[in-house]
Amino acid sequence: AGAGLATGAAAGLRALGAARLSLRSQLFASACYVGGGLGGAAAGGTVGSAWGVAAATVTGSAVWWLHLRYALREHHHPTPEARTT
């Protein structure tokens with residue numbers, strides 16, 4: 001259920017064509033999953049690993065949604081391009 005939290009934001013980033021933000025979100029979420037799983041396992045065994053991954057899922061989802069918010073803001077208010085003359 002926790003992994004489903006990021007699905008909407010991931011789809012939104014991909015629909016906007018925000019590949020860099022999508023990649024950043026995925027890399028951050030993956031690092032959280034590894035760190036949470038291993039850190040939790042070291043702290044509390046199997047149960048600790050489950051809690052670590054659960055916390056990582058929520059944290060990763062928050063990053064996905066923050067990046068989607070930023071991408072939507074940029075989509076609605078693009079920065080003007082610099083002229084090179």
# chains A, B, ... in the order shown; residues from 1 in each chain; ligands from 1
call {"tool": "residues_around", "arguments": {"residues": "Leu5 of chain A", "least_positions_apart": "6", "cutoff": "12 Å", "atoms": "only C-alpha atoms", "output": "compact mmCIF listing (two decimals) with N, CA, C and O atoms, in the first residue's frame"}}
result
# COMPACT_ATOMS: atom_id res chain seq x y z
N ALA A 11 3.45 9.01 -12.26
CA ALA A 11 2.73 9.14 -13.52
C ALA A 11 2.64 10.60 -13.95
O ALA A 11 2.78 10.92 -15.13
N ALA A 54 9.20 0.42 5.28
CA ALA A 54 7.95 1.19 5.34
C ALA A 54 8.25 2.68 5.47
O ALA A 54 7.64 3.52 4.79
N ALA A 56 10.99 4.15 4.53
CA ALA A 56 11.61 4.56 3.27
C ALA A 56 10.56 4.78 2.18
O ALA A 56 10.69 5.69 1.37
N THR A 57 9.53 3.97 2.17
CA THR A 57 8.46 4.12 1.19
C THR A 57 7.75 5.44 1.37
O THR A 57 7.49 6.16 0.40
N VAL A 58 7.43 5.80 2.59
CA VAL A 58 6.76 7.07 2.86
C VAL A 58 7.67 8.24 2.50
O VAL A 58 7.23 9.20 1.87
N THR A 59 8.94 8.14 2.86
CA THR A 59 9.90 9.20 2.54
C THR A 59 10.06 9.34 1.03
O THR A 59 10.05 10.45 0.49
N GLY A 60 10.21 8.23 0.34
CA GLY A 60 10.33 8.27 -1.11
C GLY A 60 9.10 8.84 -1.78
O GLY A 60 9.20 9.62 -2.74
N SER A 61 7.93 8.50 -1.27
CA SER A 61 6.68 9.05 -1.82
C SER A 61 6.61 10.56 -1.64
O SER A 61 6.17 11.27 -2.54
N ALA A 62 7.07 11.04 -0.50
CA ALA A 62 7.07 12.48 -0.26
C ALA A 62 7.96 13.19 -1.28
O ALA A 62 7.59 14.26 -1.80
N VAL A 63 9.10 12.60 -1.59
CA VAL A 63 9.99 13.20 -2.58
C VAL A 63 9.35 13.20 -3.96
O VAL A 63 9.43 14.19 -4.70
N TRP A 64 8.69 12.11 -4.33
CA TRP A 64 7.98 12.07 -5.61
C TRP A 64 6.96 13.20 -5.70
O TRP A 64 6.89 13.90 -6.72
N TRP A 65 6.18 13.39 -4.65
CA TRP A 65 5.14 14.42 -4.68
C TRP A 65 5.73 15.82 -4.67
O TRP A 65 5.20 16.73 -5.33
call {"tool": "closest_residue", "arguments": {"among": "A:Gly4, A:Gly45, A:Gly37, A:Gly12", "to": "Tyr70 of chain A", "atoms": "only C-alpha atoms"}}
result
A:Gly12
call {"tool": "atom_distance", "arguments": {"atom1": "atom CA of Leu72 of chain A", "atom2": "atom CA of Val53 of chain A"}}
result
28.3 Å
call {"tool": "closest_residue", "arguments": {"among": "A:Ala10, A:Ala55, A:Val47, A:Leu38", "to": "Arg24 of chain A", "atoms": "only C-alpha atoms"}}
result
A:Ala10
call {"tool": "select_by_dssp", "arguments": {"residues": "chain A", "states": "alpha helix (DSSP H)", "output": "VMD selection string"}}
result
chain A and resid 7 to 16 19 to 76
call {"tool": "atom_distance", "arguments": {"atom1": "atom CA of Arg73 of chain A", "atom2": "atom CA of Ala3 of chain A"}}
result
24.5 Å
call {"tool": "closest_residue", "arguments": {"among": "A:His67, A:His75, A:Gly52, A:Thr7", "to": "Cys32 of chain A", "atoms": "only C-alpha atoms"}}
result
A:Gly52
call {"tool": "atom_distance", "arguments": {"atom1": "atom CA of Ala15 of chain A", "atom2": "atom CA of Arg69 of chain A"}}
result
13.1 Å
call {"tool": "closest_residue", "arguments": {"among": "A:Gln26, A:Tyr33, A:Trp51, A:Ala42", "to": "Arg14 of chain A", "atoms": "only C-alpha atoms"}}
result
A:Gln26
call {"tool": "closest_residue", "arguments": {"among": "A:Phe28, A:His77, A:Ala43, A:Leu21", "to": "Ala9 of chain A", "atoms": "only C-alpha atoms"}}
result
A:Leu21
